[in-house]
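Data file: entry07.csv. Format and content: CSV, C-alpha atoms.
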chain,number,residue,atom,x,y,z
A,1,MET,CA,95.8,96.3,-72.2
A,2,VAL,CA,97.3,94.0,-69.6
A,3,ILE,CA,95.1,91.1,-68.8
A,4,GLU,CA,95.3,89.9,-65.2
A,5,LYS,CA,95.8,86.1,-65.2
A,6,PRO,CA,95.0,84.6,-61.8
A,7,GLY,CA,97.3,81.8,-60.7
A,8,LEU,CA,96.3,78.2,-61.3
A,9,GLU,CA,96.2,77.5,-57.6
A,10,THR,CA,93.5,80.2,-57.3
A,11,VAL,CA,91.6,78.7,-60.2
A,12,TRP,CA,91.7,75.3,-58.5
A,13,LYS,CA,90.4,76.9,-55.3
A,14,TRP,CA,87.5,78.5,-57.2
A,15,LEU,CA,86.6,75.1,-58.8
A,16,SER,CA,86.7,73.4,-55.4
A,17,ALA,CA,83.8,75.6,-54.4
A,18,VAL,CA,81.6,74.4,-57.3
A,19,PRO,CA,79.2,71.7,-56.1
A,20,ASP,CA,78.3,68.6,-58.0
A,21,PRO,CA,74.8,69.3,-59.3
A,22,GLU,CA,73.4,65.9,-58.3
A,23,ILE,CA,75.2,65.5,-55.0
A,24,PRO,CA,75.8,69.0,-53.8
A,25,VAL,CA,77.7,68.1,-50.7
A,26,ILE,CA,80.7,67.3,-52.7
A,27,SER,CA,82.6,69.6,-55.1
A,28,LEU,CA,83.7,69.0,-58.7
A,29,THR,CA,87.3,68.7,-57.4
A,30,ASP,CA,86.2,66.2,-54.7
A,31,LEU,CA,84.6,64.1,-57.5
A,32,GLY,CA,88.0,64.1,-59.4
A,33,ILE,CA,86.5,65.0,-62.8
A,34,ILE,CA,88.6,68.2,-63.3
A,35,ARG,CA,91.8,66.7,-64.9
A,36,ASP,CA,93.7,69.8,-65.7
A,37,VAL,CA,93.7,73.6,-65.5
A,38,SER,CA,96.2,75.6,-67.6
A,39,TRP,CA,96.7,78.9,-69.4
A,40,GLN,CA,97.0,78.6,-73.2
A,41,GLY,CA,98.1,82.2,-73.9
A,42,ASP,CA,95.4,84.4,-72.5
A,43,THR,CA,92.8,81.6,-72.5
A,44,LEU,CA,92.1,79.4,-69.5
A,45,GLU,CA,91.7,75.8,-70.5
A,46,VAL,CA,89.8,73.5,-68.1
A,47,THR,CA,90.0,69.8,-68.9
A,48,VAL,CA,87.0,67.8,-67.6
A,49,THR,CA,86.3,64.0,-67.8
A,50,PRO,CA,82.7,62.7,-67.7
A,51,THR,CA,81.8,60.3,-64.9
A,52,TYR,CA,79.4,58.2,-67.1
A,53,SER,CA,79.1,58.8,-70.8
A,54,GLY,CA,75.4,59.4,-70.6
A,55,CYS,CA,75.3,61.2,-67.4
A,56,PRO,CA,72.9,64.1,-67.8
A,57,ALA,CA,74.7,66.1,-65.2
A,58,THR,CA,77.7,66.5,-67.5
A,59,SER,CA,76.3,69.5,-69.4
A,60,ILE,CA,75.2,71.1,-66.2
A,61,ILE,CA,78.6,70.6,-64.7
A,62,ASN,CA,80.2,72.4,-67.7
A,63,LEU,CA,77.7,75.2,-67.4
A,64,ASP,CA,78.5,75.5,-63.6
A,65,ILE,CA,82.2,75.6,-64.3
A,66,GLU,CA,81.7,78.3,-66.9
A,67,THR,CA,79.4,80.4,-64.6
A,68,ALA,CA,81.7,80.1,-61.6
A,69,LEU,CA,84.9,81.1,-63.6
A,70,ARG,CA,83.2,83.9,-65.4
A,71,GLY,CA,81.9,85.2,-62.1
A,72,HIS,CA,85.5,85.4,-61.0
A,73,GLY,CA,86.3,87.6,-64.0
A,74,ILE,CA,87.7,84.9,-66.4
A,75,GLU,CA,86.8,86.1,-69.9
A,76,ASN,CA,88.6,83.7,-72.2
A,77,LEU,CA,87.7,80.2,-71.3
A,78,THR,CA,87.6,76.8,-73.0
A,79,LEU,CA,86.4,73.5,-71.6
A,80,LYS,CA,88.1,70.4,-73.0
A,81,ARG,CA,86.5,67.0,-72.7
A,82,GLN,CA,89.0,64.2,-72.0
A,83,LEU,CA,87.8,60.5,-72.2
A,84,SER,CA,91.1,58.8,-71.5
A,85,PRO,CA,92.2,57.8,-68.9
A,86,ALA,CA,88.6,57.1,-68.0
A,87,TRP,CA,87.2,58.4,-64.8
A,88,THR,CA,87.5,56.1,-61.8
A,89,THR,CA,86.1,56.4,-58.3
A,90,ASP,CA,89.8,56.2,-57.1
A,91,TRP,CA,89.9,59.9,-58.0
A,92,LEU,CA,87.3,60.8,-55.4
A,93,THR,CA,89.2,62.6,-52.7
A,94,GLN,CA,89.3,61.3,-49.1
A,95,SER,CA,87.3,64.4,-47.9
A,96,GLY,CA,84.8,63.7,-50.7
A,97,LYS,CA,84.3,60.2,-49.5
A,98,ALA,CA,83.7,61.4,-46.0
A,99,LYS,CA,81.2,64.0,-47.1
A,100,LEU,CA,79.3,61.3,-49.1
A,101,GLU,CA,79.0,59.1,-46.1
A,102,GLU,CA,77.8,62.0,-43.9
A,103,TYR,CA,75.2,62.8,-46.6
A,104,GLY,CA,73.9,59.2,-46.4
A,105,ILE,CA,75.6,57.8,-49.5
A,106,ALA,CA,78.0,54.9,-48.8
A,107,PRO,CA,81.3,55.7,-50.6
A,108,PRO,CA,82.8,53.3,-53.1
A,109,GLN,CA,84.9,50.4,-51.8
A,110,PRO,CA,87.4,48.3,-53.8
A,111,ALA,CA,85.5,45.2,-52.6
A,112,GLY,CA,82.6,46.3,-54.7
A,113,GLY,CA,80.1,46.9,-51.9
A,114,PRO,CA,79.6,49.4,-49.0
A,115,LYS,CA,81.7,48.9,-45.9
A,116,HIS,CA,78.7,49.6,-43.7
A,117,CYS,CA,75.3,51.3,-43.5
A,118,PRO,CA,76.0,55.1,-43.7
A,119,ARG,CA,73.4,55.7,-41.0
A,120,CYS,CA,73.8,53.0,-38.2
A,121,LYS,CA,77.2,51.7,-39.4
A,122,SER,CA,76.0,48.1,-39.3
A,123,THR,CA,77.9,45.8,-41.6
A,124,ALA,CA,74.8,43.7,-42.3
A,125,VAL,CA,73.9,45.2,-45.7
A,126,GLU,CA,72.4,43.7,-48.8
A,127,ARG,CA,72.1,44.8,-52.4
A,128,ILE,CA,68.7,45.7,-53.7
A,129,SER,CA,69.7,46.7,-57.3
A,130,GLN,CA,72.9,47.2,-59.2
A,131,PHE,CA,71.6,50.6,-60.3
A,132,GLY,CA,70.2,53.5,-58.5
A,133,SER,CA,68.8,57.1,-58.8
A,134,THR,CA,71.8,58.3,-60.9
A,135,PRO,CA,74.2,56.4,-63.1
A,136,CYS,CA,76.9,56.5,-60.4
A,137,LYS,CA,74.9,54.8,-57.7
A,138,ALA,CA,73.4,51.5,-56.7
A,139,GLN,CA,70.7,50.7,-54.2
A,140,TRP,CA,71.5,48.8,-51.0
A,141,ARG,CA,69.6,48.2,-47.7
A,142,CYS,CA,70.7,47.9,-44.1
A,143,GLN,CA,69.5,44.6,-42.5
A,144,ASP,CA,69.7,46.1,-39.0
A,145,CYS,CA,68.1,49.6,-39.3
A,146,LEU,CA,66.2,48.4,-42.4
A,147,GLU,CA,66.8,51.7,-44.2
A,148,PRO,CA,67.6,51.6,-47.9
A,149,PHE,CA,70.5,53.7,-48.9
A,150,ASP,CA,72.6,54.7,-52.0
A,151,TYR,CA,76.0,53.2,-52.6
A,152,PHE,CA,78.4,55.1,-54.9
A,153,LYS,CA,79.4,52.4,-57.4
A,154,CYS,CA,83.1,51.6,-57.7
A,155,ILE,CA,84.3,51.9,-61.2
B,1,MET,CA,86.8,61.1,-96.1
B,2,ASN,CA,87.7,57.7,-94.7
B,3,THR,CA,84.4,56.1,-95.8
B,4,PRO,CA,84.9,52.7,-94.2
B,5,LEU,CA,85.7,54.5,-90.9
B,6,PHE,CA,82.5,56.5,-91.1
B,7,GLU,CA,80.5,53.3,-91.8
B,8,PHE,CA,82.2,51.5,-88.9
B,9,LEU,CA,81.5,54.4,-86.5
B,10,CYS,CA,77.8,54.4,-87.6
B,11,ARG,CA,77.6,50.7,-86.9
B,12,MET,CA,78.9,51.1,-83.4
B,13,GLY,CA,76.7,54.2,-82.7
B,14,ASP,CA,73.6,52.8,-84.3
B,15,ASN,CA,73.9,49.6,-82.2
B,16,THR,CA,74.0,51.6,-79.0
B,17,LEU,CA,71.3,54.1,-80.3
B,18,VAL,CA,68.8,51.6,-81.4
B,19,LEU,CA,69.2,49.2,-78.4
B,20,GLY,CA,69.3,52.2,-76.1
B,21,HIS,CA,66.0,53.4,-77.4
B,22,ARG,CA,64.5,50.0,-77.2
B,23,VAL,CA,65.6,49.6,-73.6
B,24,SER,CA,64.2,53.0,-72.7
B,25,GLU,CA,60.8,51.9,-73.9
B,26,TRP,CA,60.6,50.1,-70.5
B,27,CYS,CA,60.8,53.3,-68.6
B,28,GLY,CA,57.8,53.4,-66.2
B,29,VAL,CA,56.5,50.0,-67.2
B,30,ALA,CA,59.1,47.5,-66.0
B,31,PRO,CA,57.9,44.6,-63.7
B,32,VAL,CA,59.4,46.1,-60.6
B,33,LEU,CA,60.8,49.6,-59.7
B,34,GLU,CA,64.4,48.4,-59.3
B,35,GLU,CA,64.4,46.8,-62.8
B,36,ASP,CA,62.8,49.9,-64.2
B,37,ILE,CA,65.6,52.0,-62.9
B,38,ALA,CA,68.3,49.5,-64.0
B,39,LEU,CA,66.9,49.4,-67.5
B,40,ALA,CA,66.7,53.2,-67.7
B,41,ASN,CA,70.3,53.5,-66.5
B,42,THR,CA,71.5,51.0,-69.1
B,43,ALA,CA,69.6,52.9,-71.8
B,44,LEU,CA,71.2,56.1,-70.6
B,45,ASP,CA,74.7,54.6,-70.8
B,46,LEU,CA,74.0,53.4,-74.3
B,47,ILE,CA,72.7,56.7,-75.5
B,48,GLY,CA,75.7,58.4,-73.9
B,49,GLN,CA,78.0,56.1,-75.9
B,50,THR,CA,76.0,56.8,-79.0
B,51,GLN,CA,76.8,60.5,-78.6
B,52,LEU,CA,80.5,59.6,-78.6
B,53,TRP,CA,80.3,57.2,-81.6
B,54,LEU,CA,78.0,59.2,-83.8
B,55,GLY,CA,79.7,62.5,-82.8
B,56,MET,CA,82.9,61.1,-84.1
B,57,ALA,CA,81.2,59.7,-87.2
B,58,GLY,CA,80.0,63.2,-88.0
B,59,GLU,CA,83.5,64.6,-87.6
B,60,VAL,CA,85.0,62.0,-89.8
B,61,GLU,CA,82.3,62.6,-92.5
B,62,GLY,CA,82.9,66.4,-92.4
B,63,LYS,CA,79.5,67.3,-93.7
B,64,ASP,CA,78.4,69.2,-90.7
B,65,ARG,CA,76.2,66.4,-89.3
B,66,ASP,CA,76.4,66.0,-85.5
B,67,ALA,CA,75.3,63.1,-83.4
B,68,ASP,CA,71.7,64.4,-83.2
B,69,LYS,CA,71.5,65.0,-87.0
B,70,LEU,CA,72.7,61.4,-87.6
B,71,ALA,CA,70.3,60.0,-85.1
B,72,PHE,CA,67.2,61.9,-86.0
B,73,HIS,CA,67.5,62.9,-89.6
B,74,ARG,CA,68.4,59.6,-91.3
B,75,ASP,CA,65.8,57.1,-92.6
B,76,VAL,CA,65.8,53.4,-91.9
B,77,TRP,CA,68.0,52.4,-94.9
B,78,ASP,CA,70.8,54.5,-93.6
B,79,PHE,CA,70.9,52.8,-90.2
B,80,ARG,CA,73.8,50.4,-89.6
B,81,ASN,CA,72.8,48.6,-86.4
B,82,THR,CA,72.7,44.8,-86.3
B,83,LEU,CA,69.3,43.2,-86.5
B,84,LEU,CA,69.5,42.0,-82.9
B,85,CYS,CA,69.4,45.5,-81.5
B,86,GLU,CA,66.1,46.4,-83.3
B,87,GLN,CA,64.1,43.4,-82.2
B,88,PRO,CA,61.1,44.3,-80.1
B,89,ASN,CA,61.3,44.1,-76.3
B,90,GLY,CA,58.8,41.2,-76.0
B,91,ASP,CA,58.5,40.3,-72.3
B,92,PHE,CA,61.0,41.2,-69.7
B,93,GLY,CA,62.8,37.9,-70.2
B,94,GLN,CA,63.2,38.5,-73.9
B,95,THR,CA,64.5,42.0,-73.3
B,96,MET,CA,67.1,40.6,-70.8
B,97,MET,CA,68.1,37.8,-73.2
B,98,ARG,CA,68.6,40.3,-76.0
B,99,GLN,CA,70.6,42.4,-73.6
B,100,PHE,CA,72.8,39.5,-72.5
B,101,LEU,CA,73.6,38.4,-76.1
B,102,PHE,CA,74.4,42.0,-77.1
B,103,ASP,CA,76.3,42.9,-73.9
B,104,THR,CA,78.5,39.8,-74.2
B,105,TRP,CA,79.5,40.7,-77.8
B,106,HIS,CA,79.7,44.4,-76.9
B,107,LEU,CA,82.2,43.9,-74.1
B,108,ILE,CA,84.5,41.7,-76.1
B,109,MET,CA,84.4,44.1,-79.0
B,110,LEU,CA,85.1,47.2,-76.8
B,111,LYS,CA,88.0,45.5,-75.1
B,112,ALA,CA,89.5,44.9,-78.5
B,113,LEU,CA,88.8,48.4,-79.5
B,114,ALA,CA,90.6,49.8,-76.4
B,115,GLY,CA,93.8,48.8,-78.3
B,116,SER,CA,92.7,50.5,-81.5
B,117,SER,CA,95.3,52.4,-83.6
B,118,ASN,CA,92.9,55.3,-83.6
B,119,GLU,CA,93.3,57.1,-80.3
B,120,GLN,CA,89.8,58.6,-80.2
B,121,ILE,CA,88.2,55.1,-80.7
B,122,ALA,CA,90.5,53.6,-78.1
B,123,ALA,CA,89.4,56.4,-75.6
B,124,ILE,CA,85.7,55.8,-76.3
B,125,ALA,CA,86.1,52.1,-75.9
B,126,GLU,CA,88.1,52.5,-72.6
B,127,LYS,CA,85.3,54.6,-71.2
B,128,SER,CA,82.5,52.3,-72.5
B,129,VAL,CA,84.2,49.1,-71.2
B,130,LYS,CA,83.6,50.3,-67.6
B,131,GLU,CA,79.8,50.8,-68.2
B,132,VAL,CA,79.3,47.7,-70.3
B,133,THR,CA,81.1,45.4,-67.8
B,134,TYR,CA,78.4,46.4,-65.4
B,135,HIS,CA,75.6,45.8,-68.0
B,136,GLN,CA,77.0,42.4,-68.8
B,137,GLU,CA,77.2,41.4,-65.2
B,138,ARG,CA,73.6,42.3,-64.6
B,139,SER,CA,72.2,40.7,-67.8
B,140,ALA,CA,74.1,37.5,-67.3
B,141,ASP,CA,72.9,37.3,-63.7
B,142,THR,CA,69.3,37.9,-64.8
B,143,VAL,CA,69.5,35.3,-67.5
B,144,ILE,CA,70.8,32.8,-65.0
B,145,GLY,CA,68.2,33.8,-62.4
B,146,LEU,CA,65.3,33.5,-64.7
B,147,GLY,CA,66.6,30.5,-66.8
B,148,ASP,CA,67.3,28.5,-63.6
B,149,GLY,CA,64.1,29.9,-62.0
B,150,THR,CA,60.6,28.7,-62.1
B,151,GLU,CA,59.1,26.5,-64.7
B,152,GLU,CA,57.4,29.5,-66.3
B,153,SER,CA,60.5,31.7,-66.3
B,154,HIS,CA,62.7,28.9,-67.6
B,155,MET,CA,60.2,28.3,-70.5
B,156,ARG,CA,60.1,32.0,-71.3
B,157,MET,CA,63.9,32.4,-71.3
B,158,GLN,CA,64.3,29.3,-73.6
B,159,LYS,CA,61.7,30.8,-75.9
B,160,ALA,CA,63.5,34.1,-76.0
B,161,LEU,CA,66.9,32.4,-76.8
B,162,ASP,CA,65.3,30.4,-79.6
B,163,LYS,CA,63.7,33.5,-81.0
B,164,LEU,CA,66.8,35.7,-80.8
B,165,TRP,CA,69.4,33.2,-81.8
B,166,PRO,CA,69.1,33.7,-85.6
B,167,TYR,CA,70.1,37.4,-85.0
B,168,VAL,CA,73.4,36.6,-83.1
B,169,GLY,CA,75.4,35.4,-86.1
B,170,GLU,CA,75.4,38.8,-87.8
B,171,LEU,CA,77.5,40.2,-85.0
B,172,PHE,CA,80.4,38.0,-86.3
B,173,ILE,CA,80.0,38.4,-90.1
B,174,GLY,CA,82.7,40.6,-91.6
B,175,ASP,CA,82.6,42.5,-94.9
B,176,GLU,CA,84.8,45.0,-96.8
B,177,VAL,CA,84.2,47.7,-94.1
B,178,ASP,CA,85.6,45.3,-91.5
B,179,ALA,CA,88.5,44.3,-93.7
B,180,ALA,CA,89.4,48.0,-94.1
B,181,MET,CA,89.3,48.4,-90.3
B,182,VAL,CA,91.5,45.4,-89.7
B,183,GLU,CA,94.0,46.6,-92.4
B,184,GLN,CA,94.2,50.1,-90.7
B,185,GLY,CA,94.5,48.5,-87.2
B,186,ILE,CA,91.4,50.2,-86.1
B,187,ALA,CA,89.1,47.3,-85.3
B,188,PRO,CA,89.2,43.5,-85.0
B,189,ASP,CA,87.9,41.0,-87.5
B,190,PRO,CA,84.4,40.3,-86.2
B,191,ALA,CA,84.9,36.6,-86.7
B,192,SER,CA,87.8,36.6,-84.4
B,193,LEU,CA,85.5,37.5,-81.4
B,194,ARG,CA,83.4,34.4,-81.8
B,195,THR,CA,85.5,31.9,-79.8
B,196,THR,CA,85.5,34.1,-76.7
B,197,PHE,CA,81.8,34.9,-77.1
B,198,ASP,CA,80.9,31.2,-77.4
B,199,SER,CA,82.8,30.2,-74.3
B,200,GLN,CA,81.2,32.9,-72.2
B,201,LEU,CA,77.8,32.2,-73.6
B,202,ASP,CA,78.1,28.5,-73.0
B,203,ALA,CA,79.1,29.1,-69.4
B,204,VAL,CA,76.1,31.3,-68.7
B,205,LEU,CA,73.6,29.1,-70.5
B,206,ALA,CA,74.8,26.0,-68.7
B,207,GLU,CA,74.3,27.8,-65.3
B,208,ALA,CA,70.9,29.0,-66.6
B,209,THR,CA,70.0,25.5,-67.6
B,210,LEU,CA,69.2,26.8,-71.1
B,211,THR,CA,69.9,25.0,-74.4
B,212,LYS,CA,71.6,26.8,-77.3
B,213,PRO,CA,69.8,26.2,-80.6
B,214,ALA,CA,71.6,23.7,-82.8
B,215,ASP,CA,70.9,25.6,-86.0
B,216,ASP,CA,73.4,28.4,-86.6
B,217,PHE,CA,71.4,30.1,-89.4
B,218,ALA,CA,71.9,33.8,-89.2
B,219,HIS,CA,69.8,36.6,-90.6
B,220,LYS,CA,71.9,39.5,-91.9
B,221,GLY,CA,71.5,42.9,-93.5
B,222,GLY,CA,71.4,45.2,-90.5
B,223,LYS,CA,75.0,46.3,-90.3
B,224,THR,CA,75.2,46.8,-94.0
B,225,GLY,CA,71.8,48.5,-94.2
B,226,ALA,CA,70.8,46.1,-97.0
B,227,ARG,CA,67.7,44.8,-95.2
B,228,HIS,CA,66.5,45.7,-91.7
B,229,THR,CA,63.6,43.9,-90.2
B,230,GLU,CA,60.2,45.6,-90.3
B,231,HIS,CA,60.6,46.6,-86.6
B,232,LEU,CA,63.2,49.3,-87.1
B,233,GLY,CA,61.0,51.6,-89.2
B,234,HIS,CA,58.2,51.4,-86.6
B,235,MET,CA,60.7,52.3,-83.9
B,236,LEU,CA,62.0,55.3,-85.8
B,237,THR,CA,58.5,56.7,-86.2
B,238,GLN,CA,58.5,57.0,-82.4
B,239,MET,CA,62.1,57.9,-81.9
B,240,GLN,CA,62.3,60.5,-84.6
B,241,TRP,CA,58.8,61.9,-84.4
B,242,LEU,CA,59.6,65.2,-82.7
B,243,GLN,CA,62.5,66.0,-84.9
B,244,ARG,CA,60.5,65.2,-88.0
B,245,ALA,CA,57.5,67.2,-86.9
B,246,TYR,CA,59.5,70.1,-85.6
B,247,PRO,CA,62.9,70.0,-87.4
B,248,ASP,CA,65.8,71.2,-85.3
B,249,ALA,CA,63.7,71.8,-82.2
B,250,SER,CA,65.9,72.0,-79.1
B,251,TRP,CA,65.6,72.5,-75.4
I'd like the structure from this file rewritten - as structure tokens, please.
Amino acid sequence: MVIEKPGLETVWKWLSAVPDPEIPVISLTDLGIIRDVSWQGDTLEVTVTPTYSGCPATSIINLDIETALRGHGIENLTLKRQLSPAWTTDWLTQSGKAKLEEYGIAPPQPAGGPKHCPRCKSTAVERISQFGSTPCKAQWRCQDCLEPFDYFKCI
Amino acid sequence: MNTPLFEFLCRMGDNTLVLGHRVSEWCGVAPVLEEDIALANTALDLIGQTQLWLGMAGEVEGKDRDADKLAFHRDVWDFRNTLLCEQPNGDFGQTMMRQFLFDTWHLIMLKALAGSSNEQIAAIAEKSVKEVTYHQERSADTVIGLGDGTEESHMRMQKALDKLWPYVGELFIGDEVDAAMVEQGIAPDPASLRTTFDSQLDAVLAEATLTKPADDFAHKGGKTGARHTEHLGHMLTQMQWLQRAYPDASW
């Protein structure tokens, strides 16, 4: 029997349609956690790196990848965890950062704090807490519109 | 089996497991919501790191024990965490002082482990350094804020430091397991981390207007498992209750 092996570009396209379970406006490829896709013989190997070592979304992400690829007819599939190089917010795509901001989450900045309030764009912002509702976020507040907002931590 | 390596991995994993569980005890009862969330996040990072360390320990041991099995099916004498990690939370100040003392050691240790001859250990350390840098920044800031705060908060932070100080020395005491790790290029000699620790500690304590106790007496027995404090057994009755009542229960 001949097994149809879809091209890697097609697989990447499929993965770019899988949303992050916590922040569904961005995809797993936007997040930059899919490090590699390759065929090992007849088995498709997807290499994934965790954002935070204790992030509870990690197992859901693996499940979502598996479900999506199986839905596209991939039968032989392995998921490989890769810790090094460690995930960095530099791997968030530009479109991912733009989608975060539109969603109300300030994207990470090398300076270590949000550029401006994702709602009113004021630069008068203050940190409420170094941590937020998920391991990847911190809590900030706009001093002009007074709305609290999430900031995607820069790591 | 590389027995010293297994021991070493259990020490790393039990430190993060026991402290992670302790910190999670604050979930829902911290003084303010933001601190509650921060503590829960810190606990989550530590438990995540535990899965990596104890997962690897189980692989090295080769007896079919995974991270869960090691965490929930060992009794107190098999735990290898340092005594500092198992100390009760006390008030919020004491929790943050314990966190600061541990984080400062932890970050120096992980940075050294990032250069380990063992690739898997180096990768776990590289990942953890990012998370622990964040922990240490917050715990140091909090120690400074509360130490150099009100008369009441200053008094409580000094009391916390005095109480926890005798548990700091153990972090730097080496034994034959550490000697084997040094020989294999896997981990640093614990004593070699002390100078960096002291200089970082002194800088934060000075800013926090707190005084380091003069007596360097150190309790030991946690990392070797020879003698834990009475607190660990009590903690395990909570942490392991479900797995003991319903062995191998899963989601």
For stretch 58-70 of chain A, find every residue with an atom within 10 Å (counting all atoms listed in the file), except residues of its own chain fewer than 4 positions away, and show them as number ranges by chain.
A: 11, 14-15, 17-22, 28, 33-34, 44, 46, 48-54, 74-81
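Take atom CA of B:Pro213 and atom CA of B:Asp162: the distance between them is 6.2 Å.
You will find atom CA of B:Glu126 at 19.9 Å from atom CA of B:Val60.
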Could you make a table, as a Markdown table, of the residues of chain B that have an atom within 6 Å of an atom of chain A, each with its nearest atom pair and distance in Å to one decimal, counting all atoms listed in the file, in chain and number order?
| residue | atom | partner | partner_atom | distance |
| --- | --- | --- | --- | --- |
| B:Glu34 | CA | A:Ser129 | CA | 5.9 |
| B:Ala38 | CA | A:Phe131 | CA | 5.1 |
| B:Asn41 | CA | A:Pro135 | CA | 5.9 |
| B:Leu44 | CA | A:Gly54 | CA | 5.3 |
| B:Asp45 | CA | A:Gly54 | CA | 4.9 |
| B:Gly48 | CA | A:Gly54 | CA | 3.5 |
| B:Gln49 | CA | A:Ser53 | CA | 5.9 |
| B:Ala123 | CA | A:Ser84 | CA | 5.0 |
| B:Lys127 | CA | A:Ala86 | CA | 5.2 |
What's the separation between atom CA of B:Asp78 and atom CA of B:Leu236, in Å to one decimal place?
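One can read the atom CA of B:Asp78 to atom CA of B:Leu236 distance as 11.8 Å.
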With distances taken over all atoms listed in the file, the candidate from A:Lys153, A:Arg35, A:Arg141, A:His72 nearest A:Ala124 is A:Arg141
Taking 4 positions as the minimum chain separation for residues in the same chain, which residues sit within 9 Å of B:Arg11 when counting only C-alpha atoms? Answer as a ChimeraX atom specification.
/B:6-7,15-16,53,79-82,223-224
Using all atoms listed in the file, determine which residues lie at most 12 Å from B:Ala187, disregarding the query and same-chain residues fewer than 3 positions distant; provide the list as a VMD selection string.
chain B and resid 4 to 5 8 to 9 12 108 to 119 121 to 122 125 174 177 to 184 190 to 193
May I have the residues within 6 Å of stretch 110-121 of chain A as a PDB file with C-alpha atoms, keeping the file's coordinate frame, using all atoms listed in the file and disregarding those fewer than 6 positions away in the same chain?
ATOM      1  CA  GLU A 101      79.000  59.100 -46.100  1.00  0.00           C
ATOM      2  CA  GLY A 104      73.900  59.200 -46.400  1.00  0.00           C
ATOM      3  CA  CYS A 142      70.700  47.900 -44.100  1.00  0.00           C
TER       4      CYS A 142
END
